[in-house]
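Undergrad: Below is coords23.txt; it holds compact mmCIF, C-alpha atoms and all ligand atoms.
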```
# COMPACT_ATOMS: atom_id res chain seq x y z
CA MET A 278 17.89 17.10 -7.58
CA SER A 279 16.87 18.58 -10.87
CA GLU A 280 17.10 22.27 -11.46
CA THR A 281 13.72 23.49 -10.44
CA PRO A 282 13.04 26.86 -12.01
CA ALA A 283 11.57 29.60 -9.85
CA PRO A 284 7.89 28.74 -9.37
CA LYS A 285 5.53 30.44 -11.81
CA GLY A 286 2.30 28.95 -10.50
CA LYS A 287 0.82 28.14 -7.12
CA GLY A 288 3.06 25.13 -6.76
CA THR A 289 6.22 23.45 -7.91
CA VAL A 290 7.93 20.06 -7.90
CA PHE A 291 11.28 18.67 -6.81
CA VAL A 292 12.68 15.68 -8.67
CA ARG A 293 15.49 13.40 -7.59
CA VAL A 294 16.51 12.69 -11.14
CA GLU A 295 18.82 9.79 -10.38
CA VAL A 296 16.25 7.64 -8.59
CA CYS A 297 13.50 8.08 -11.19
CA LYS A 298 12.68 4.93 -13.19
CA GLY A 299 10.64 6.68 -15.86
CA CYS A 300 7.38 4.89 -15.09
CA SER A 301 5.24 7.88 -16.09
CA TYR A 302 2.81 7.60 -13.16
CA CYS A 303 3.44 11.24 -12.17
CA ILE A 304 3.04 12.49 -15.74
CA ASP A 305 -0.15 10.57 -16.49
CA PHE A 306 -1.93 11.24 -13.21
CA CYS A 307 -1.00 14.86 -12.52
CA PRO A 308 -4.45 16.48 -12.41
CA ALA A 309 -3.08 19.67 -14.00
CA LYS A 310 -1.21 17.75 -16.73
CA CYS A 311 1.80 19.96 -16.21
CA LEU A 312 4.60 17.36 -16.28
CA ALA A 313 6.40 15.90 -19.30
CA PHE A 314 9.37 13.63 -19.86
CA SER A 315 12.81 15.18 -20.15
CA LYS A 316 14.72 14.88 -23.40
CA GLU A 317 17.79 13.84 -21.40
CA PHE A 318 18.38 10.49 -19.75
CA ASN A 319 19.42 9.97 -16.15
CA ALA A 320 22.40 7.75 -15.30
CA LYS A 321 20.18 4.67 -15.30
CA GLY A 322 18.95 5.51 -18.79
CA TYR A 323 15.46 6.74 -17.95
CA HIS A 324 13.72 9.92 -19.01
CA TYR A 325 12.50 11.76 -15.92
CA PRO A 326 9.70 14.27 -15.37
CA VAL A 327 10.18 17.99 -15.86
CA LEU A 328 7.71 20.75 -15.10
CA ALA A 329 6.66 21.53 -18.67
CA LYS A 330 3.87 23.92 -17.68
CA PRO A 331 5.12 25.49 -14.44
CA GLU A 332 2.29 28.01 -14.37
CA ALA A 333 -0.26 25.15 -14.18
CA CYS A 334 1.24 23.33 -11.18
CA VAL A 335 -0.87 23.75 -8.05
CA GLY A 336 1.50 21.93 -5.70
CA CYS A 337 -1.09 19.28 -4.86
CA ASP A 338 1.55 16.53 -4.51
CA MET A 339 -0.50 13.93 -6.36
CA CYS A 340 2.74 13.22 -8.26
CA GLY A 341 4.43 12.55 -4.92
CA LEU A 342 1.68 10.17 -3.82
CA TYR A 343 1.84 8.21 -7.08
CA CYS A 344 5.62 8.02 -7.51
CA PRO A 345 6.61 4.44 -6.60
CA ASP A 346 10.26 5.46 -6.38
CA PHE A 347 9.91 8.49 -4.07
CA ALA A 348 11.58 10.50 -6.83
CA ILE A 349 9.21 13.48 -7.11
CA PHE A 350 7.01 15.54 -4.88
CA GLY A 351 4.98 18.68 -5.27
CA ILE A 352 4.61 21.54 -2.85
CA ARG A 353 2.57 24.73 -2.65
CA VAL A 354 4.59 27.89 -3.04
CA LYS A 355 3.16 29.20 0.20
CA ASP A 356 4.55 26.14 2.02
CA LEU A 357 7.91 26.32 0.31
CA GLU A 358 9.68 28.75 2.60
CA LYS A 359 8.49 26.87 5.68
CA ALA A 360 9.81 23.58 4.28
CA LYS A 361 13.21 25.07 3.46
CA THR A 362 13.83 26.32 6.95
CA LYS A 363 12.77 23.04 8.60
CA MET B 245 22.58 25.05 -9.73
CA SER B 246 24.02 22.38 -7.46
CA ASP B 247 22.45 20.89 -4.37
CA THR B 248 24.62 22.99 -2.13
CA ASP B 249 23.53 26.32 -3.62
CA THR B 250 20.10 26.23 -2.09
CA ILE B 251 18.53 24.23 0.67
CA GLN B 252 15.86 22.21 -1.04
CA PRO B 253 12.82 20.86 0.78
CA VAL B 254 12.78 17.11 1.25
CA ASN B 255 10.14 14.65 0.09
CA PRO B 256 8.03 14.11 3.24
CA VAL B 257 7.84 10.34 2.66
CA LEU B 258 11.59 9.97 3.16
CA ALA B 259 11.28 10.53 6.92
CA TYR B 260 9.30 7.29 7.08
CA LEU B 261 11.89 5.25 5.17
CA ARG B 262 15.24 3.72 6.06
CA GLN B 263 17.16 5.77 3.57
CA ASP B 264 20.29 3.69 3.91
CA ARG B 265 18.33 0.83 2.33
CA LEU B 266 17.22 2.86 -0.70
CA PRO B 267 16.96 2.74 -3.65
CA HIS B 268 14.47 -0.08 -3.29
CA ILE B 269 14.44 -3.25 -5.40
CA TRP B 270 11.03 -2.77 -7.01
CA CYS B 271 10.85 -2.73 -10.81
CA PRO B 272 10.00 0.39 -12.84
CA GLY B 273 6.23 0.86 -12.72
CA CYS B 274 5.68 -1.58 -9.86
CA GLY B 275 2.77 -0.28 -7.79
CA ILE B 276 4.02 -1.25 -4.33
CA GLY B 277 5.95 2.00 -3.76
CA SER B 278 2.86 4.13 -4.40
CA THR B 279 1.06 2.39 -1.56
CA VAL B 280 4.01 3.14 0.72
CA ASN B 281 3.50 6.87 0.04
CA CYS B 282 -0.13 6.46 1.07
CA PHE B 283 0.83 4.57 4.20
CA ALA B 284 3.31 7.28 5.21
CA ARG B 285 0.66 9.96 4.66
CA ALA B 286 -1.92 7.98 6.63
CA LEU B 287 0.54 7.64 9.51
CA THR B 288 1.09 11.41 9.50
CA GLU B 289 -2.64 12.11 9.45
CA SER B 290 -3.39 9.51 12.12
CA LYS B 291 -1.10 11.38 14.54
CA LEU B 292 -0.15 8.03 16.09
CA ASP B 293 3.00 7.85 18.18
CA LEU B 294 5.32 6.12 15.69
CA ASP B 295 7.12 4.37 18.55
CA LYS B 296 3.87 2.51 19.06
CA VAL B 297 3.43 1.36 15.46
CA ALA B 298 4.98 -1.86 14.13
CA VAL B 299 4.94 -3.25 10.59
CA VAL B 300 5.11 -6.96 9.88
CA SER B 301 5.58 -8.47 6.43
CA GLY B 302 5.94 -11.95 5.03
CA ILE B 303 8.10 -12.82 2.02
CA GLY B 304 7.68 -11.44 -1.47
CA CYS B 305 8.22 -8.16 -3.27
CA THR B 306 5.54 -6.60 -1.04
CA GLY B 307 7.23 -8.21 1.95
CA ARG B 308 10.11 -5.82 1.42
CA VAL B 309 7.94 -2.99 2.77
CA ALA B 310 8.77 -3.93 6.36
CA GLY B 311 12.46 -3.58 5.63
CA TYR B 312 12.09 -0.12 4.11
CA MET B 313 9.86 1.45 6.76
CA ASN B 314 11.66 3.46 9.41
CA LEU B 315 9.51 1.95 12.15
CA ASP B 316 9.83 -1.13 14.31
CA SER B 317 9.39 -3.63 11.54
CA PHE B 318 9.68 -7.36 11.10
CA HIS B 319 10.29 -9.27 7.90
CA THR B 320 9.06 -12.72 8.87
CA THR B 321 8.96 -16.02 6.97
CA HIS B 322 6.68 -16.72 4.03
CA GLY B 323 3.01 -16.75 5.02
CA ARG B 324 3.65 -16.16 8.70
CA ALA B 325 3.23 -12.41 9.02
CA ILE B 326 -0.19 -12.74 10.70
CA PRO B 327 0.82 -15.26 13.40
CA PHE B 328 3.95 -13.22 14.14
CA ALA B 329 1.86 -10.04 14.32
CA THR B 330 -0.66 -11.78 16.59
CA GLY B 331 2.06 -12.64 19.08
CA LEU B 332 3.49 -9.15 18.85
CA LYS B 333 0.11 -7.59 19.54
CA LEU B 334 -0.85 -9.89 22.40
CA GLY B 335 2.52 -9.43 24.07
CA ASN B 336 2.38 -5.64 23.61
CA PRO B 337 -1.28 -4.65 23.52
CA ASP B 338 -0.39 -0.95 23.28
CA LEU B 339 1.17 -1.39 19.83
CA LYS B 340 -0.70 -0.70 16.61
CA VAL B 341 0.37 -3.68 14.51
CA VAL B 342 0.14 -3.44 10.73
CA VAL B 343 0.62 -6.47 8.49
CA TYR B 344 1.75 -5.43 5.00
CA SER B 345 2.16 -8.27 2.54
CA GLY B 346 1.36 -9.77 -0.84
CA ASP B 347 -1.64 -11.74 -2.03
CA GLY B 348 0.37 -14.95 -2.33
CA ASP B 349 1.88 -14.58 1.11
CA LEU B 350 -1.41 -13.74 2.84
CA PHE B 351 -3.81 -15.99 0.95
CA ALA B 352 -1.89 -18.99 -0.39
CA ILE B 353 0.64 -20.21 2.19
CA GLY B 354 -0.74 -17.81 4.81
CA GLY B 355 -4.46 -18.25 4.07
CA ASN B 356 -5.22 -20.28 7.16
CA HIS B 357 -3.74 -17.63 9.44
CA PHE B 358 -5.78 -14.91 7.75
CA VAL B 359 -9.02 -16.85 8.15
CA HIS B 360 -8.53 -17.43 11.86
CA ALA B 361 -7.19 -14.00 12.77
CA ALA B 362 -10.29 -12.50 11.14
CA ARG B 363 -12.58 -15.02 12.85
CA ARG B 364 -11.05 -14.16 16.23
CA ASN B 365 -11.13 -10.45 15.48
CA MET B 366 -7.45 -10.12 16.31
CA ASP B 367 -6.64 -6.42 16.64
CA LEU B 368 -4.53 -6.13 13.46
CA MET B 369 -4.59 -3.95 10.36
CA VAL B 370 -3.83 -6.08 7.30
CA VAL B 371 -2.84 -4.43 4.02
CA CYS B 372 -2.72 -6.79 1.04
CA ILE B 373 -1.02 -5.62 -2.13
CA ASN B 374 -2.77 -7.73 -4.74
CA ASN B 375 -0.86 -7.93 -8.01
CA GLY B 376 -2.52 -11.19 -9.03
CA THR B 377 0.66 -13.21 -9.02
CA TYR B 378 3.76 -14.32 -7.11
CA GLY B 379 6.00 -11.45 -8.14
CA MET B 380 9.20 -12.29 -6.34
CA THR B 381 9.48 -15.89 -7.50
CA GLY B 382 8.70 -15.48 -11.19
CA GLY B 383 5.01 -14.90 -11.85
CA GLN B 384 3.44 -18.18 -10.75
CA VAL B 385 -0.33 -18.49 -10.42
CA ALA B 386 -1.72 -17.19 -7.12
CA PRO B 387 -5.09 -17.68 -5.41
CA THR B 388 -5.90 -14.20 -6.74
CA THR B 389 -4.90 -14.68 -10.39
CA PRO B 390 -8.04 -13.94 -12.43
CA LEU B 391 -9.56 -16.76 -14.47
CA GLY B 392 -8.04 -16.80 -17.92
CA ALA B 393 -4.90 -14.80 -17.06
CA THR B 394 -1.61 -16.39 -18.01
CA ALA B 395 1.02 -17.19 -15.39
CA SER B 396 4.36 -18.97 -15.58
CA THR B 397 2.66 -22.04 -14.11
CA MET B 398 -0.52 -21.49 -16.17
CA PRO B 399 0.91 -21.06 -19.67
CA TYR B 400 -2.46 -21.82 -21.29
CA GLY B 401 -4.37 -19.49 -18.98
CA ASN B 402 -5.58 -19.90 -15.42
CA PHE B 403 -8.51 -22.31 -14.96
CA GLU B 404 -8.70 -22.02 -11.15
CA PRO B 405 -11.35 -19.71 -9.72
CA SER B 406 -9.79 -16.87 -7.72
CA PHE B 407 -10.61 -15.55 -4.27
CA ASN B 408 -12.82 -12.53 -3.81
CA LEU B 409 -10.76 -11.12 -0.95
CA PRO B 410 -13.22 -8.57 0.50
CA PHE B 411 -15.94 -11.25 0.61
CA LEU B 412 -13.55 -13.73 2.22
CA ALA B 413 -12.51 -11.16 4.85
CA GLU B 414 -16.11 -10.22 5.62
CA ALA B 415 -17.27 -13.82 5.83
CA CYS B 416 -14.46 -14.64 8.26
CA GLY B 417 -15.38 -11.75 10.55
CA ALA B 418 -13.24 -8.71 9.70
CA VAL B 419 -14.67 -5.51 11.19
CA TYR B 420 -13.32 -3.24 8.43
CA VAL B 421 -12.99 -4.23 4.78
CA ALA B 422 -12.06 -1.97 1.86
CA ARG B 423 -10.66 -2.41 -1.62
CA TRP B 424 -8.88 0.21 -3.71
CA THR B 425 -6.30 0.26 -6.45
CA VAL B 426 -3.02 2.13 -6.87
CA PHE B 427 -4.98 4.71 -8.87
CA HIS B 428 -6.98 5.62 -5.74
CA VAL B 429 -4.19 7.18 -3.68
CA ARG B 430 -6.48 9.56 -1.77
CA GLN B 431 -8.96 6.82 -0.91
CA VAL B 432 -6.15 4.48 0.14
CA ILE B 433 -4.91 7.15 2.56
CA ARG B 434 -8.42 7.58 3.95
CA SER B 435 -8.96 3.84 4.44
CA MET B 436 -5.54 3.35 6.00
CA LYS B 437 -6.20 6.23 8.37
CA GLU B 438 -9.57 4.77 9.33
CA ALA B 439 -8.04 1.34 9.90
CA LEU B 440 -5.16 2.80 11.92
CA GLY B 441 -7.77 4.33 14.23
CA LYS B 442 -9.99 1.28 14.50
CA LYS B 443 -9.83 -1.65 16.88
CA GLY B 444 -10.16 -5.18 15.56
CA PHE B 445 -9.29 -7.01 12.36
CA CYS B 446 -9.17 -4.46 9.53
CA PHE B 447 -8.47 -5.51 5.96
CA ILE B 448 -7.50 -3.29 3.02
CA GLU B 449 -6.88 -4.80 -0.41
CA ILE B 450 -5.00 -2.65 -2.90
CA LEU B 451 -4.72 -3.78 -6.51
CA ALA B 452 -1.28 -2.98 -7.85
CA PRO B 453 0.49 -3.61 -11.14
CA CYS B 454 3.32 -6.12 -11.45
CA PRO B 455 4.47 -5.03 -14.89
CA THR B 456 7.45 -7.37 -15.00
CA LEU B 457 5.70 -10.67 -14.41
CA TYR B 458 1.95 -10.17 -14.73
CA SER B 459 1.41 -7.39 -17.25
CA ARG B 460 4.17 -8.43 -19.63
CA ARG B 461 3.10 -12.06 -19.72
CA ASN B 462 -0.50 -11.01 -20.28
CA LYS B 463 0.42 -8.41 -22.91
CA LEU B 464 -1.03 -5.58 -20.85
CA GLY B 465 1.73 -3.04 -21.35
CA ASP B 466 3.59 -1.20 -18.60
CA GLY B 467 2.67 -0.46 -15.00
CA VAL B 468 1.11 2.85 -15.97
CA ASP B 469 -1.16 1.07 -18.48
CA GLN B 470 -2.48 -1.14 -15.72
CA VAL B 471 -3.13 1.90 -13.51
CA LYS B 472 -5.01 3.48 -16.43
CA TYR B 473 -7.10 0.31 -16.61
CA TYR B 474 -7.83 0.70 -12.87
CA LYS B 475 -8.89 4.28 -13.51
CA GLU B 476 -11.20 3.33 -16.38
CA ARG B 477 -12.81 0.22 -14.97
CA SER B 478 -13.12 0.92 -11.25
CA VAL B 479 -16.63 1.37 -9.93
CA ILE B 480 -16.75 2.93 -6.46
CA LYS B 481 -19.58 1.42 -4.42
CA ASP B 482 -19.16 2.14 -0.73
CA GLY B 483 -21.27 -0.24 1.32
CA ALA B 484 -21.69 -2.65 -1.59
CA ASP B 485 -22.27 -6.32 -0.92
CA ALA B 486 -18.78 -7.83 -0.94
CA ARG B 487 -20.20 -10.90 -2.71
CA GLU B 488 -20.53 -8.70 -5.79
CA ALA B 489 -16.86 -7.68 -5.66
CA GLY B 490 -15.30 -10.66 -7.45
CA LEU B 491 -12.61 -9.75 -9.99
CA THR B 492 -12.39 -10.88 -13.59
CA PHE B 493 -9.51 -10.57 -16.04
CA GLN B 494 -9.33 -6.85 -16.98
CA GLY B 495 -13.02 -6.47 -16.04
CA ASP B 496 -14.78 -4.00 -13.76
CA ILE B 497 -13.28 -3.49 -10.29
CA VAL B 498 -15.71 -2.82 -7.48
CA CYS B 499 -13.93 -0.53 -5.01
CA GLY B 500 -14.92 1.07 -1.76
CA LYS B 501 -15.47 0.40 1.89
CA PHE B 502 -17.60 -2.73 2.19
CA VAL B 503 -17.62 -3.34 5.94
CA ASP B 504 -17.25 -1.10 9.02
CA ARG B 505 -18.73 -2.76 12.09
CA GLU B 506 -17.95 -3.46 15.74
CA ARG B 507 -17.22 -6.82 17.39
CA PRO B 508 -15.25 -7.56 20.55
CA THR B 509 -11.59 -8.22 19.80
CA TRP B 510 -10.04 -11.52 20.83
CA LEU B 511 -8.36 -9.89 23.83
CA ASP B 512 -11.53 -8.13 24.97
CA ALA B 513 -13.57 -11.32 24.54
CA MET B 514 -11.03 -13.32 26.52
CA ASN B 515 -10.93 -10.80 29.34
CA ARG B 516 -14.69 -10.52 29.47
CA HIS B 517 -15.12 -14.27 29.52
CA TYR B 518 -12.51 -14.99 32.17
CA SER B 519 -13.73 -12.13 34.34
CA SER B 520 -17.10 -13.80 34.38
CA VAL B 521 -15.91 -17.33 35.09
CA ILE B 522 -12.75 -16.86 37.19
CA GLN B 523 -12.86 -15.08 40.52
CA ASP B 524 -10.16 -12.41 41.02
CA TYR B 525 -9.21 -12.50 37.33
CA GLN B 526 -6.66 -9.75 36.75
CA GLY B 527 -7.05 -9.34 33.01
CA GLU B 528 -4.48 -9.21 30.28
CA GLY B 529 -3.62 -6.20 28.17
CA HIS B 530 -6.49 -3.89 27.39
CA ALA B 531 -9.25 -5.19 29.61
CA GLU B 532 -12.56 -3.59 28.82
CA ASP B 533 -13.26 -0.82 31.24
C1 LIG C 601 8.17 -21.57 2.83
C2 LIG C 601 8.41 -20.85 1.55
N1 LIG C 601 7.81 -21.27 0.42
C3 LIG C 601 8.00 -20.64 -0.74
C4 LIG C 601 8.81 -19.54 -0.80
C5 LIG C 601 9.04 -18.83 -2.11
N2 LIG C 601 8.32 -17.60 -2.23
C6 LIG C 601 8.91 -16.43 -1.93
S1 LIG C 601 7.93 -15.12 -2.20
C7 LIG C 601 6.68 -16.11 -2.77
C8 LIG C 601 5.37 -15.55 -3.24
C9 LIG C 601 5.28 -14.08 -3.27
O1 LIG C 601 4.07 -13.67 -3.80
P1 LIG C 601 3.21 -12.54 -3.12
O2 LIG C 601 3.02 -12.80 -1.69
O3 LIG C 601 1.98 -12.36 -3.95
O4 LIG C 601 4.14 -11.25 -3.18
P2 LIG C 601 4.69 -10.37 -4.40
O5 LIG C 601 6.09 -10.82 -4.63
O6 LIG C 601 3.79 -10.58 -5.57
O7 LIG C 601 4.60 -8.98 -3.85
C10 LIG C 601 7.05 -17.45 -2.72
C11 LIG C 601 6.19 -18.56 -3.17
C12 LIG C 601 9.44 -19.11 0.39
N3 LIG C 601 10.22 -18.03 0.43
N4 LIG C 601 9.22 -19.79 1.55
S1 LIG C 602 2.17 19.05 -7.55
FE1 LIG C 602 0.17 18.49 -8.45
S2 LIG C 602 -0.07 19.91 -10.14
FE2 LIG C 602 2.11 19.99 -9.59
S3 LIG C 602 3.10 18.46 -10.89
FE3 LIG C 602 2.58 17.41 -9.00
S4 LIG C 602 0.57 16.49 -9.43
FE4 LIG C 602 0.92 18.08 -10.98
S1 LIG C 603 6.41 8.59 -10.96
FE1 LIG C 603 8.46 8.75 -10.08
S2 LIG C 603 9.67 7.13 -11.05
FE2 LIG C 603 7.79 7.40 -12.26
S3 LIG C 603 8.41 8.85 -13.88
FE3 LIG C 603 7.54 10.07 -12.21
S4 LIG C 603 9.31 10.63 -10.93
FE4 LIG C 603 9.97 8.98 -12.28
S1 LIG C 604 8.42 -8.50 -9.86
FE1 LIG C 604 6.43 -7.47 -9.95
S2 LIG C 604 5.81 -7.18 -7.81
FE2 LIG C 604 8.02 -7.62 -7.83
S3 LIG C 604 9.03 -5.61 -7.85
FE3 LIG C 604 8.85 -6.31 -9.97
S4 LIG C 604 6.92 -5.42 -10.68
FE4 LIG C 604 6.88 -5.32 -8.44
```
Show how you would write the structure in this file as structure tokens.
TA:
Amino acid sequence: MSETPAPKGKGTVFVRVEVCKGCSYCIDFCPAKCLAFSKEFNAKGYHYPVLAKPEACVGCDMCGLYCPDFAIFGIRVKDLEKAKTK
Amino acid sequence: MSDTDTIQPVNPVLAYLRQDRLPHIWCPGCGIGSTVNCFARALTESKLDLDKVAVVSGIGCTGRVAGYMNLDSFHTTHGRAIPFATGLKLGNPDLKVVVYSGDGDLFAIGGNHFVHAARRNMDLMVVCINNGTYGMTGGQVAPTTPLGATASTMPYGNFEPSFNLPFLAEACGAVYVARWTVFHVRQVIRSMKEALGKKGFCFIEILAPCPTLYSRRNKLGDGVDQVKYYKERSVIKDGADAREAGLTFQGDIVCGKFVDRERPTWLDAMNRHYSSVIQDYQGEGHAED
């Protein structure tokens, strides 16, 4: 998992950095345009998404629906606590 | 921060996958995985008992879906997903049987099975991931390769006309026919949910990029470039005449739900017929009540 900073907007994302293949689906089709590629590479040599504009993320999980590698998903802050205790 | 410091929520799709088989084999930017997210979401929304859902695939990159789903799933031989699924359904009428396979598998070697299962209105949901080529075996021409596109076996461009799959499905008798692309994740979920809840032969075509063998050979960029093309050139026309839904190389893509109608399924028709001609007929499976 990437280090996900404390949410600043209505939503946030969780990224499994090591399974990302850098396809850019999540970045291009995030409706809030809040993701960007990392500067770093993962172990496979891909750049992975980071939440570049955390305040803009609404937790809609469109990134999670697009990601062909199940590497990212978005969640609303109000659903976050529930999901952690599950 | 390490994983052990905080309990992190888990991607909801993972519960639907056999995690011991991941990571999957699909290439970077391959669209098949996106459709799996949609399928998982549609299953959640359908509220079906997952012990009563089975997935059947043929052979191909798309055929791997059966092996990754954490459901009763069957990876059959090339082209034979529909006949296998037919037997599975008729032997266990309570199952919801989903066929998930590629355009080559379902419409080249398996074309005859598709035609007859639709004609008989076999109670199956068929999802075809159409990437316009045989991905797994090296990008050969498929019955869905658009005219003019290059394939490993069509180095000077394809001169064979391609199938219009929604029109084919409708003409053969499917009761539900929709086409979307990997761009249309929300609509794919909606169509899959509708098909999961519908009786009879339901067909959903999803256009998906095969960056490795289709896009690269046709100089179309990466997977994401193909999804951007879907975004730009898709025209949503629910209820459109499926005859108008033919695909051309990088041309407009008519998307939507083309057919949603009722016909007796094969099992219902058989039971109805035998009840009328055979005295004391007991009925098989879901007799009509
Ligand atoms: C009887 C038989 N013939 C041929 C093959 C080789 N073969 C494997 S997959 C495939 C085509 C796959 O194309 P498609 O169904 O479009 O799936 P994709 O890989 O594009 O997802 C072929 C011809 C086979 N496995 N078995
Ligand atoms: S959850 Fe929605 S807004 Fe947030 S990064 Fe993902 S797609 Fe963008
Ligand atoms: S969609 Fe998935 S695999 Fe592609 S860049 Fe985003 S996280 Fe990585
Ligand atoms: S060869 Fe094509 S269809 Fe197969 S996994 Fe790679 S991109 Fe996907």
Undergrad: Can you build me a table of chain B residues sitting at most 10 Å from ligand LIG 601 (chain C), with the closest atom pair per residue and its distance in Å to one decimal, using all atoms listed in the file, sorted by chain and residue number, as CSV?
TA:
```
residue,atom,partner,partner_atom,distance
B:Trp270,CA,C:LIG601,O7,9.5
B:Cys274,CA,C:LIG601,O7,9.6
B:Gly275,CA,C:LIG601,O7,9.7
B:Ile276,CA,C:LIG601,O7,7.8
B:Ser301,CA,C:LIG601,O2,9.6
B:Gly302,CA,C:LIG601,O2,7.4
B:Ile303,CA,C:LIG601,S1,4.8
B:Gly304,CA,C:LIG601,O5,3.6
B:Cys305,CA,C:LIG601,O5,3.7
B:Thr306,CA,C:LIG601,O7,3.8
B:Gly307,CA,C:LIG601,O7,6.4
B:Arg308,CA,C:LIG601,O7,8.3
B:Val309,CA,C:LIG601,O7,9.5
B:Thr321,CA,C:LIG601,N4,6.6
B:His322,CA,C:LIG601,N4,4.7
B:Gly323,CA,C:LIG601,C1,7.4
B:Arg324,CA,C:LIG601,C1,9.2
B:Tyr344,CA,C:LIG601,O7,10.0
B:Ser345,CA,C:LIG601,O2,6.3
B:Gly346,CA,C:LIG601,O2,3.6
B:Asp347,CA,C:LIG601,O3,4.1
B:Gly348,CA,C:LIG601,O3,3.5
B:Asp349,CA,C:LIG601,O2,3.5
B:Leu350,CA,C:LIG601,O2,6.4
B:Phe351,CA,C:LIG601,O2,8.0
B:Ala352,CA,C:LIG601,O2,8.0
B:Ile353,CA,C:LIG601,N1,7.5
B:Gly354,CA,C:LIG601,O2,9.0
B:Cys372,CA,C:LIG601,O2,8.7
B:Ile373,CA,C:LIG601,O7,6.8
B:Asn374,CA,C:LIG601,O3,6.7
B:Asn375,CA,C:LIG601,O6,5.9
B:Gly376,CA,C:LIG601,O3,6.9
B:Thr377,CA,C:LIG601,O3,5.3
B:Tyr378,CA,C:LIG601,O1,3.4
B:Gly379,CA,C:LIG601,O6,3.5
B:Met380,CA,C:LIG601,O5,3.8
B:Thr381,CA,C:LIG601,C7,5.5
B:Gly382,CA,C:LIG601,O5,8.5
B:Gly383,CA,C:LIG601,O6,7.7
B:Gln384,CA,C:LIG601,C11,8.1
B:Val385,CA,C:LIG601,O3,9.2
B:Ala386,CA,C:LIG601,O3,6.9
B:Pro387,CA,C:LIG601,O3,9.0
B:Thr388,CA,C:LIG601,O3,8.6
B:Thr389,CA,C:LIG601,O3,9.7
B:Ala452,CA,C:LIG601,O7,9.3
B:Pro453,CA,C:LIG601,O6,9.5
B:Cys454,CA,C:LIG601,O6,7.4
B:Leu457,CA,C:LIG601,O6,9.0
B:Tyr458,CA,C:LIG601,O6,9.4
```
Undergrad: Can you pull out every residue with an atom within 8 Å of ligand LIG 602 (chain C)? Use all atoms listed in the file and format it as a ChimeraX atom specification.
TA: /A:288-290,303-304,306-312,328,331,333-341,349-353
Undergrad: Within 6 Å of chain A, which residues belong to chain B? Use all atoms listed in the file and report them as number ranges by chain.
TA: B: 252-253, 255, 272-273, 277-278, 281, 468
Undergrad: Give me the residues near Phe314 of chain A as a list in words, where near means some atom within 7 Å (using all atoms listed in the file) and where sequence neighbours in that chain fewer than 5 positions away do not count.
TA: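 Once the nearby chain positions are removed, what remains is His324, Tyr325, Pro326 and Val327 of chain A.
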Undergrad: Could you save the residues just selected, with C-alpha atoms, as a tab-separated table (two decimals), keeping the file's coordinate frame?
TA:
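In the end it all went to out_11.tsv:
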```tsv
chain	number	residue	atom	x	y	z
A	324	HIS	CA	13.72	9.92	-19.01
A	325	TYR	CA	12.50	11.76	-15.92
A	326	PRO	CA	9.70	14.27	-15.37
A	327	VAL	CA	10.18	17.99	-15.86
```
Undergrad: I'd like to know which of B:Arg262, B:Arg364, B:Arg430, B:His268 is closest to ligand LIG 604 (chain C), using all atoms listed in the file.
TA: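 The answer is B:His268, which sits nearest to ligand LIG 604 (chain C).
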Undergrad: Counting all atoms listed in the file, which residue out of B:Pro267, B:Gly417, B:Gly335, B:Gly401 sits closest to ligand LIG 603 (chain C)?
TA: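 Comparing B:Pro267, B:Gly417, B:Gly335, B:Gly401 against ligand LIG 603 (chain C), the winner is B:Pro267.
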Undergrad: Could you write out as JSON the box around ligand LIG 603 (chain C) (axis-aligned, all atoms listed in the file, 8 Å on each side), with centre and edge lengths in Å to one decimal?
TA:
```
{"center_x": 8.2, "center_y": 8.9, "center_z": -12.0, "size_x": 19.6, "size_y": 19.5, "size_z": 19.8}
```
Undergrad: Could you please determine the separation between atom CA of Tyr400 of chain B and atom CA of Lys463 of chain B in Å, to one decimal place?
TA: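 Atom-to-atom, atom CA of Tyr400 of chain B and atom CA of Lys463 of chain B are spaced 13.8 Å apart.
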